[in-house]
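Coordinates as given in coords_33.csv (CSV, C-alpha atoms):
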chain,number,residue,atom,x,y,z
E,18,MET,CA,-6.0,-88.0,-23.0
E,19,PRO,CA,-7.5,-84.7,-24.3
E,20,VAL,CA,-5.1,-81.7,-24.3
E,21,LEU,CA,-6.3,-78.1,-23.7
E,22,VAL,CA,-4.6,-75.5,-26.0
E,23,LEU,CA,-4.4,-72.0,-24.6
E,24,ASN,CA,-3.7,-68.9,-26.6
E,25,SER,CA,-0.6,-67.0,-25.6
E,26,SER,CA,-3.0,-64.7,-23.6
E,27,LEU,CA,-4.2,-67.9,-21.7
E,28,GLN,CA,-7.6,-67.9,-23.4
E,29,PRO,CA,-8.8,-71.4,-24.0
E,30,LEU,CA,-8.8,-72.2,-27.8
E,31,SER,CA,-9.6,-75.8,-28.2
E,32,VAL,CA,-9.2,-79.4,-27.0
E,33,ILE,CA,-7.0,-81.5,-29.2
E,34,PRO,CA,-6.0,-85.2,-29.3
E,35,GLU,CA,-2.6,-86.3,-28.1
E,36,ARG,CA,-1.4,-86.9,-31.7
E,37,ARG,CA,-1.9,-83.2,-32.5
E,38,LEU,CA,0.1,-82.4,-29.4
E,39,ILE,CA,3.0,-84.3,-30.7
E,40,VAL,CA,2.9,-82.3,-34.0
E,41,LEU,CA,2.7,-79.0,-32.1
E,42,LEU,CA,5.6,-80.0,-29.9
E,43,SER,CA,7.8,-81.1,-32.8
E,44,LYS,CA,7.1,-77.8,-34.6
E,45,GLN,CA,7.9,-75.9,-31.3
E,46,LYS,CA,4.5,-74.1,-31.4
E,47,VAL,CA,3.5,-74.8,-27.8
E,48,THR,CA,4.9,-74.9,-24.3
E,49,PHE,CA,3.6,-76.6,-21.2
E,50,VAL,CA,2.1,-74.7,-18.4
E,51,ASP,CA,3.1,-77.3,-15.9
E,52,GLU,CA,6.8,-78.6,-15.8
E,53,SER,CA,5.9,-81.9,-14.2
E,54,VAL,CA,3.5,-82.7,-17.0
E,55,ARG,CA,6.2,-81.7,-19.5
E,56,SER,CA,8.6,-84.3,-18.1
E,57,LEU,CA,5.9,-87.0,-18.0
E,58,ILE,CA,5.0,-86.3,-21.7
E,59,GLU,CA,8.7,-86.3,-22.7
E,60,GLU,CA,9.2,-89.7,-21.0
E,61,SER,CA,6.0,-91.0,-22.6
E,62,ILE,CA,7.2,-89.8,-26.1
E,63,GLU,CA,10.6,-91.5,-25.6
E,64,ALA,CA,8.8,-94.7,-24.6
E,65,ARG,CA,6.5,-94.3,-27.6
E,66,ARG,CA,3.4,-94.6,-25.4
E,67,LEU,CA,1.3,-91.6,-24.6
E,68,GLU,CA,-0.9,-92.7,-21.7
E,69,LEU,CA,-1.5,-90.0,-19.1
E,70,GLU,CA,-4.5,-89.8,-16.8
E,71,ARG,CA,-3.6,-86.2,-15.8
E,72,PRO,CA,-5.1,-83.3,-17.8
E,73,VAL,CA,-2.6,-81.6,-20.1
E,74,ILE,CA,-2.6,-77.9,-20.7
E,75,VAL,CA,-0.3,-76.3,-23.3
E,76,GLN,CA,0.1,-72.6,-24.3
E,77,LEU,CA,0.8,-71.4,-27.8
E,78,LEU,CA,4.0,-69.4,-28.1
E,79,ALA,CA,2.4,-67.0,-30.6
E,80,ASN,CA,-1.0,-65.3,-30.2
E,81,VAL,CA,-3.7,-66.6,-32.6
E,82,ARG,CA,-6.5,-64.2,-33.6
E,83,VAL,CA,-9.8,-65.9,-33.0
E,84,PRO,CA,-12.5,-64.7,-35.3
E,85,ARG,CA,-15.9,-64.1,-33.6
E,86,VAL,CA,-18.3,-66.8,-34.7
E,87,ALA,CA,-21.9,-67.0,-33.8
E,88,LEU,CA,-22.5,-70.3,-32.1
E,89,GLN,CA,-25.4,-72.2,-33.8
E,90,PRO,CA,-28.2,-73.7,-31.7
E,91,SER,CA,-27.3,-77.3,-32.6
E,92,ARG,CA,-28.5,-80.3,-30.7
E,93,ALA,CA,-25.1,-80.7,-29.0
E,94,ASN,CA,-24.9,-77.0,-28.0
E,95,ILE,CA,-28.5,-77.0,-26.6
E,96,LEU,CA,-27.7,-80.1,-24.6
E,97,LEU,CA,-24.5,-78.5,-23.4
E,98,ARG,CA,-26.2,-75.2,-22.4
E,99,ASP,CA,-29.0,-77.1,-20.6
E,100,ASP,CA,-26.5,-79.4,-18.9
E,101,GLU,CA,-28.2,-82.5,-20.3
E,102,THR,CA,-31.3,-81.7,-18.0
E,103,CYS,CA,-34.9,-81.7,-19.1
E,104,GLN,CA,-36.0,-78.1,-18.8
E,105,TYR,CA,-39.5,-79.1,-17.8
E,106,CYS,CA,-39.1,-81.8,-15.1
E,107,GLY,CA,-35.4,-81.6,-14.2
E,108,LYS,CA,-34.5,-85.2,-15.2
E,109,ARG,CA,-30.8,-85.6,-16.2
E,110,SER,CA,-30.3,-87.9,-19.0
E,111,ARG,CA,-28.2,-88.4,-22.2
E,112,ASP,CA,-31.4,-89.5,-24.0
E,113,LEU,CA,-33.1,-86.1,-24.3
E,114,THR,CA,-34.9,-84.6,-27.3
E,115,LEU,CA,-35.1,-80.9,-28.3
E,116,ASP,CA,-38.4,-79.1,-27.8
E,117,HIS,CA,-39.6,-75.9,-29.4
E,118,ILE,CA,-41.2,-73.8,-26.7
E,119,ILE,CA,-43.4,-72.2,-29.3
E,120,PRO,CA,-44.1,-75.1,-31.7
E,121,ARG,CA,-43.0,-74.8,-35.3
E,122,SER,CA,-46.6,-75.6,-36.3
E,123,ARG,CA,-47.5,-72.3,-34.6
E,124,GLY,CA,-44.7,-70.2,-36.1
E,125,GLY,CA,-41.9,-71.1,-33.6
E,126,THR,CA,-38.4,-71.0,-35.0
E,127,SER,CA,-35.2,-73.0,-34.2
E,128,THR,CA,-33.4,-70.3,-32.2
E,129,TRP,CA,-31.5,-70.3,-28.9
E,130,GLU,CA,-34.5,-68.7,-27.1
E,131,ASN,CA,-37.0,-71.2,-28.5
E,132,LEU,CA,-35.2,-74.5,-28.1
E,133,VAL,CA,-34.7,-76.5,-24.9
E,134,ALA,CA,-33.7,-80.0,-23.9
E,135,SER,CA,-36.6,-82.1,-22.9
E,136,CYS,CA,-37.1,-85.7,-21.9
E,137,LYS,CA,-39.3,-87.8,-24.2
E,138,HIS,CA,-42.1,-87.9,-21.6
E,139,CYS,CA,-42.3,-84.1,-21.2
E,140,ASN,CA,-41.9,-83.5,-24.9
E,141,GLY,CA,-44.8,-85.9,-25.7
E,142,LYS,CA,-46.9,-84.3,-22.9
E,143,LYS,CA,-46.4,-80.9,-24.4
E,144,GLY,CA,-46.8,-81.9,-28.0
E,145,ASN,CA,-47.5,-79.0,-30.3
E,146,ARG,CA,-49.1,-76.9,-27.6
E,147,LEU,CA,-48.0,-73.8,-25.7
E,148,LEU,CA,-46.7,-74.2,-22.1
E,149,LYS,CA,-49.7,-72.4,-20.6
E,150,GLU,CA,-52.1,-74.8,-22.5
E,151,VAL,CA,-50.6,-77.8,-20.8
E,152,ASN,CA,-49.8,-76.1,-17.5
E,153,MET,CA,-46.0,-76.6,-17.8
E,154,ARG,CA,-43.1,-74.3,-16.9
E,155,LEU,CA,-39.5,-74.0,-17.8
E,156,LEU,CA,-36.9,-74.5,-15.1
E,157,ARG,CA,-35.0,-71.6,-16.5
E,158,GLN,CA,-35.3,-69.2,-19.5
E,159,PRO,CA,-33.2,-70.4,-22.5
E,160,ARG,CA,-30.5,-68.0,-23.6
E,161,PRO,CA,-27.8,-68.2,-26.3
E,162,LEU,CA,-24.3,-69.5,-25.6
E,163,SER,CA,-22.1,-66.6,-26.5
E,164,GLN,CA,-18.6,-66.7,-27.8
E,165,GLU,CA,-17.7,-64.5,-24.8
E,166,TYR,CA,-17.8,-67.7,-22.8
E,167,ALA,CA,-14.4,-68.6,-24.1
E,168,GLY,CA,-13.9,-72.3,-23.8
E,169,PHE,CA,-17.5,-73.4,-23.5
E,170,PHE,CA,-16.3,-76.7,-25.0
E,171,LEU,CA,-14.5,-77.3,-21.7
E,172,LEU,CA,-17.8,-78.2,-20.2
E,173,ARG,CA,-17.5,-81.5,-22.1
E,174,TYR,CA,-14.2,-82.2,-20.3
E,175,PRO,CA,-14.8,-81.7,-16.6
E,176,LYS,CA,-11.2,-82.8,-15.6
E,177,LEU,CA,-9.7,-80.3,-18.1
E,178,HIS,CA,-12.1,-77.6,-16.9
E,179,GLU,CA,-11.1,-78.1,-13.3
E,180,ALA,CA,-7.4,-78.2,-14.3
E,181,TYR,CA,-7.8,-74.9,-16.2
E,182,GLN,CA,-9.6,-73.2,-13.3
E,183,GLU,CA,-6.8,-74.4,-11.0
E,184,PHE,CA,-4.2,-73.1,-13.4
E,185,ILE,CA,-5.8,-69.7,-13.7
E,186,LEU,CA,-6.2,-69.4,-9.9
E,187,SER,CA,-2.6,-70.4,-9.2
E,188,ALA,CA,-1.5,-67.8,-11.8
E,189,HIS,CA,-3.3,-65.3,-9.6
E,190,GLY,CA,-1.9,-66.6,-6.4
E,191,GLY,CA,-4.8,-68.8,-5.1
E,192,SER,CA,-6.0,-72.3,-5.5
E,193,LEU,CA,-9.4,-73.9,-6.3
E,194,ARG,CA,-9.2,-75.9,-3.0
E,195,GLU,CA,-8.6,-72.8,-1.0
E,196,MET,CA,-11.5,-71.0,-2.7
E,197,SER,CA,-14.0,-73.9,-2.0
E,198,ALA,CA,-12.9,-74.2,1.7
Entire entry expressed as C-alpha coordinates:
Amino acid sequence: MPVLVLNSSLQPLSVIPERRLIVLLSKQKVTFVDESVRSLIEESIEARRLELERPVIVQLLANVRVPRVALQPSRANILLRDDETCQYCGKRSRDLTLDHIIPRSRGGTSTWENLVASCKHCNGKKGNRLLKEVNMRLLRQPRPLSQEYAGFFLLRYPKLHEAYQEFILSAHGGSLREMSA
(Lines of atoms letter the chains of each structure in order from A and count residues from 1; the text may use other names and numbers.)
(Lines give C-alpha, C1' and ligand atoms only; values in the text may rest on other atoms or scores of the structure.)
Protein backbone atom coordinates (compact mmCIF):
# COMPACT_ATOMS: atom_id res chain seq x y z
CA MET A 1 0.00 0.00 0.00
CA PRO A 2 1.75 3.19 -1.15
CA VAL A 3 1.09 6.34 0.86
CA LEU A 4 0.99 9.82 -0.66
CA VAL A 5 2.60 12.53 1.47
CA LEU A 6 1.40 16.09 0.93
CA ASN A 7 3.11 19.23 2.13
CA SER A 8 1.08 21.38 4.51
CA SER A 9 0.19 23.42 1.40
CA LEU A 10 -1.33 20.22 -0.15
CA GLN A 11 1.48 19.95 -2.72
CA PRO A 12 2.37 16.30 -3.39
CA LEU A 13 5.84 15.56 -2.05
CA SER A 14 6.43 11.84 -2.33
CA VAL A 15 5.05 8.35 -2.16
CA ILE A 16 6.29 6.36 0.81
CA PRO A 17 5.95 2.76 1.99
CA GLU A 18 3.65 1.90 4.89
CA ARG A 19 6.58 1.40 7.29
CA ARG A 20 7.61 5.03 6.82
CA LEU A 21 4.01 6.05 7.52
CA ILE A 22 4.20 4.32 10.91
CA VAL A 23 7.36 6.29 11.75
CA LEU A 24 5.79 9.61 10.70
CA LEU A 25 2.66 8.83 12.72
CA SER A 26 4.65 7.88 15.82
CA LYS A 27 6.61 11.14 15.57
CA GLN A 28 3.34 13.07 15.06
CA LYS A 29 4.60 14.63 11.82
CA VAL A 30 1.51 13.91 9.68
CA THR A 31 -2.25 13.92 9.78
CA PHE A 32 -4.73 12.05 7.62
CA VAL A 33 -6.82 13.93 5.09
CA ASP A 34 -9.60 11.33 5.38
CA GLU A 35 -10.90 10.39 8.83
CA SER A 36 -12.27 7.03 7.66
CA VAL A 37 -8.78 6.05 6.49
CA ARG A 38 -7.38 7.22 9.84
CA SER A 39 -9.59 4.79 11.75
CA LEU A 40 -8.76 1.93 9.35
CA ILE A 41 -5.03 2.57 9.75
CA GLU A 42 -5.31 2.79 13.55
CA GLU A 43 -7.19 -0.52 13.65
CA SER A 44 -4.60 -2.09 11.36
CA ILE A 45 -1.76 -0.85 13.56
CA GLU A 46 -3.44 -2.26 16.68
CA ALA A 47 -3.87 -5.60 14.89
CA ARG A 48 -0.21 -5.33 13.76
CA ARG A 49 -1.27 -5.92 10.15
CA LEU A 50 -1.22 -3.06 7.68
CA GLU A 51 -3.18 -4.34 4.71
CA LEU A 52 -5.26 -1.66 3.03
CA GLU A 53 -6.43 -1.62 -0.54
CA ARG A 54 -7.55 2.02 -0.37
CA PRO A 55 -5.13 4.80 -1.27
CA VAL A 56 -3.80 6.62 1.79
CA ILE A 57 -3.06 10.34 1.74
CA VAL A 58 -1.41 12.13 4.65
CA GLN A 59 -0.48 15.76 5.12
CA LEU A 60 2.63 17.04 6.88
CA LEU A 61 1.87 19.26 9.84
CA ALA A 62 4.82 21.54 9.09
CA ASN A 63 5.65 22.95 5.67
CA VAL A 64 8.75 21.52 4.00
CA ARG A 65 10.70 23.69 1.60
CA VAL A 66 11.26 21.73 -1.58
CA PRO A 67 14.40 22.72 -3.47
CA ARG A 68 14.03 23.03 -7.22
CA VAL A 69 15.78 20.14 -8.86
CA ALA A 70 16.12 19.76 -12.58
CA LEU A 71 14.73 16.38 -13.53
CA GLN A 72 17.16 14.28 -15.50
CA PRO A 73 16.16 12.57 -18.75
CA SER A 74 16.60 9.08 -17.30
CA ARG A 75 15.08 5.99 -18.89
CA ALA A 76 12.35 5.85 -16.23
CA ASN A 77 11.49 9.54 -16.69
CA ILE A 78 11.40 9.32 -20.50
CA LEU A 79 9.11 6.26 -20.34
CA LEU A 80 6.93 8.07 -17.80
CA ARG A 81 6.73 11.20 -19.98
CA ASP A 82 5.89 9.15 -23.09
CA ASP A 83 3.36 7.04 -21.19
CA GLU A 84 5.18 3.81 -22.12
CA THR A 85 4.17 4.36 -25.76
CA CYS A 86 6.40 4.13 -28.84
CA GLN A 87 6.61 7.66 -30.18
CA TYR A 88 6.81 6.40 -33.77
CA CYS A 89 4.07 3.75 -34.11
CA GLY A 90 2.00 4.24 -30.92
CA LYS A 91 2.50 0.71 -29.55
CA ARG A 92 2.14 0.56 -25.75
CA SER A 93 4.59 -1.76 -24.05
CA ARG A 94 6.84 -2.09 -21.04
CA ASP A 95 9.55 -3.45 -23.33
CA LEU A 96 10.57 -0.17 -24.97
CA THR A 97 13.98 1.24 -25.79
CA LEU A 98 15.15 4.84 -25.85
CA ASP A 99 15.89 6.39 -29.22
CA HIS A 100 17.89 9.51 -30.03
CA ILE A 101 15.92 11.50 -32.62
CA ILE A 102 19.21 12.92 -33.89
CA PRO A 103 21.53 9.93 -33.50
CA ARG A 104 24.57 10.31 -31.26
CA SER A 105 26.74 9.32 -34.22
CA ARG A 106 25.50 12.53 -35.90
CA GLY A 107 26.03 14.81 -32.92
CA GLY A 108 22.76 14.17 -31.07
CA THR A 109 22.80 14.49 -27.30
CA SER A 110 20.92 12.74 -24.50
CA THR A 111 18.49 15.57 -23.73
CA TRP A 112 14.74 15.67 -23.07
CA GLU A 113 14.13 17.05 -26.56
CA ASN A 114 16.23 14.39 -28.31
CA LEU A 115 15.17 11.21 -26.46
CA VAL A 116 11.92 9.32 -27.02
CA ALA A 117 10.49 5.93 -26.11
CA SER A 118 10.58 3.54 -29.04
CA CYS A 119 9.65 -0.08 -29.65
CA LYS A 120 12.51 -2.31 -30.78
CA HIS A 121 11.06 -2.62 -34.29
CA CYS A 122 10.88 1.15 -34.86
CA ASN A 123 14.26 1.73 -33.23
CA GLY A 124 15.84 -0.86 -35.50
CA LYS A 125 14.08 0.57 -38.56
CA LYS A 126 15.32 4.08 -37.80
CA GLY A 127 18.83 3.01 -36.83
CA ASN A 128 21.34 5.85 -36.89
CA ARG A 129 19.45 7.84 -39.51
CA LEU A 130 17.36 10.98 -39.31
CA LEU A 131 13.54 10.74 -39.32
CA LYS A 132 13.20 12.23 -42.82
CA GLU A 133 15.72 9.73 -44.21
CA VAL A 134 13.52 6.79 -43.18
CA ASN A 135 10.18 8.57 -43.70
CA MET A 136 9.17 8.34 -40.01
CA ARG A 137 7.35 10.84 -37.78
CA LEU A 138 6.99 11.45 -34.09
CA LEU A 139 3.51 11.16 -32.57
CA ARG A 140 4.28 14.24 -30.45
CA GLN A 141 7.25 16.51 -29.91
CA PRO A 142 9.30 15.54 -26.86
CA ARG A 143 9.46 18.06 -24.05
CA PRO A 144 11.12 18.09 -20.65
CA LEU A 145 9.25 17.04 -17.52
CA SER A 146 9.35 20.10 -15.34
CA GLN A 147 9.40 20.29 -11.56
CA GLU A 148 6.36 22.55 -11.87
CA TYR A 149 4.41 19.38 -12.53
CA ALA A 150 4.48 18.66 -8.82
CA GLY A 151 3.84 15.06 -8.19
CA PHE A 152 4.81 13.70 -11.61
CA PHE A 153 5.64 10.53 -9.70
CA LEU A 154 1.92 10.08 -9.11
CA LEU A 155 1.66 8.89 -12.69
CA ARG A 156 3.28 5.66 -11.50
CA TYR A 157 0.43 5.18 -9.00
CA PRO A 158 -2.90 5.60 -10.84
CA LYS A 159 -5.05 4.85 -7.76
CA LEU A 160 -3.17 7.41 -5.66
CA HIS A 161 -3.33 9.94 -8.50
CA GLU A 162 -7.10 9.52 -8.75
CA ALA A 163 -7.50 9.73 -4.95
CA TYR A 164 -5.40 12.92 -4.89
CA GLN A 165 -7.46 14.52 -7.68
CA GLU A 166 -10.67 13.53 -5.85
CA PHE A 167 -9.30 15.03 -2.62
CA ILE A 168 -8.36 18.33 -4.31
CA LEU A 169 -11.75 18.58 -6.02
CA SER A 170 -13.62 17.81 -2.80
CA ALA A 171 -11.57 20.47 -1.02
CA HIS A 172 -12.88 22.89 -3.65
CA GLY A 173 -16.47 21.69 -3.37
CA GLY A 174 -16.71 19.31 -6.35
CA SER A 175 -16.00 15.68 -7.10
CA LEU A 176 -14.20 13.83 -9.88
CA ARG A 177 -17.35 11.85 -10.69
CA GLU A 178 -19.38 15.06 -11.10
CA MET A 179 -16.69 16.58 -13.34
CA SER A 180 -16.62 13.55 -15.68
CA ALA A 181 -20.42 13.26 -15.89
Proximity to Leu57 (chain E) - best of E:Leu132, E:Arg36, E:Pro72, E:Leu21, only C-alpha atoms: E:Pro72
For each of E:Lys149, E:Arg71, E:His138, E:Lys143, take the minimum atom-to-atom distance to His117 (chain E), counting all atoms listed in the file, then give the residue where this is smallest. E:Lys143
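For Arg82 (chain E), the list of residues within 12 Å, based on all atoms listed in the file and with local chain neighbours fewer than 6 positions off taken out, reads Asn24, Ser25, Ser26, Gln28 and Leu30 of chain E.
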What lies within 10 Å of region 102-116 of chain E using all atoms listed in the file, ignoring chain neighbours under 4 positions off, as an MDAnalysis selection string? chainID E and resid 91:92 95:98 120:121 127 131:141 143:145 148 153:159
I'd like the interatomic distance between CA of Pro161 (chain E) and CA of Pro84 (chain E), to a tenth of an Å.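 Interatomic distance, CA of Pro161 (chain E) to CA of Pro84 (chain E): 18.1 Å.
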Using all atoms listed in the file, determine which residues lie at most 7 Å from Leu147 (chain E), disregarding the query and same-chain residues fewer than 4 positions distant; provide the list as a tab-separated table (two decimals) with C-alpha atoms, in the frame of the given file.
chain	number	residue	atom	x	y	z
E	118	ILE	CA	-41.20	-73.80	-26.70
E	119	ILE	CA	-43.40	-72.20	-29.30
E	151	VAL	CA	-50.60	-77.80	-20.80
Go through E:Leu162, E:Val75, E:Leu27, E:Val54 one by one, measure the shortest atom-to-atom distance of each to Glu130 (chain E) using all atoms listed in the file, and give the residue with the smallest value.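 The closest residue to Glu130 (chain E) is E:Leu162.
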For the atom pair CA of Pro34 (chain E) and CA of Gln182 (chain E), what is the interatomic distance in Å to one decimal place?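 Between these atoms lies a distance of 20.3 Å.
Computed from the coordinates, the CA of Ser61 (chain E) to CA of Val73 (chain E) distance equals 13.0 Å.
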For His178 (chain E), which residue out of E:Leu88, E:Leu41, E:Val50, E:Ile74 is the nearest one, using only C-alpha atoms?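 Once distances to His178 (chain E) are computed over only C-alpha atoms, the minimum belongs to E:Ile74.
Counting only C-alpha atoms and comparing E:Pro175, E:Pro19, E:Pro90, E:Gly124, the residue that lies closest to Ile33 (chain E) is E:Pro19.
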Pick out the closest residue to Ile62 (chain E) from this set: E:Thr48, E:Ser122, E:Gln76, E:Ser43. Count only C-alpha atoms.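 Residue with the minimum atom-to-atom distance to Ile62 (chain E): E:Ser43.
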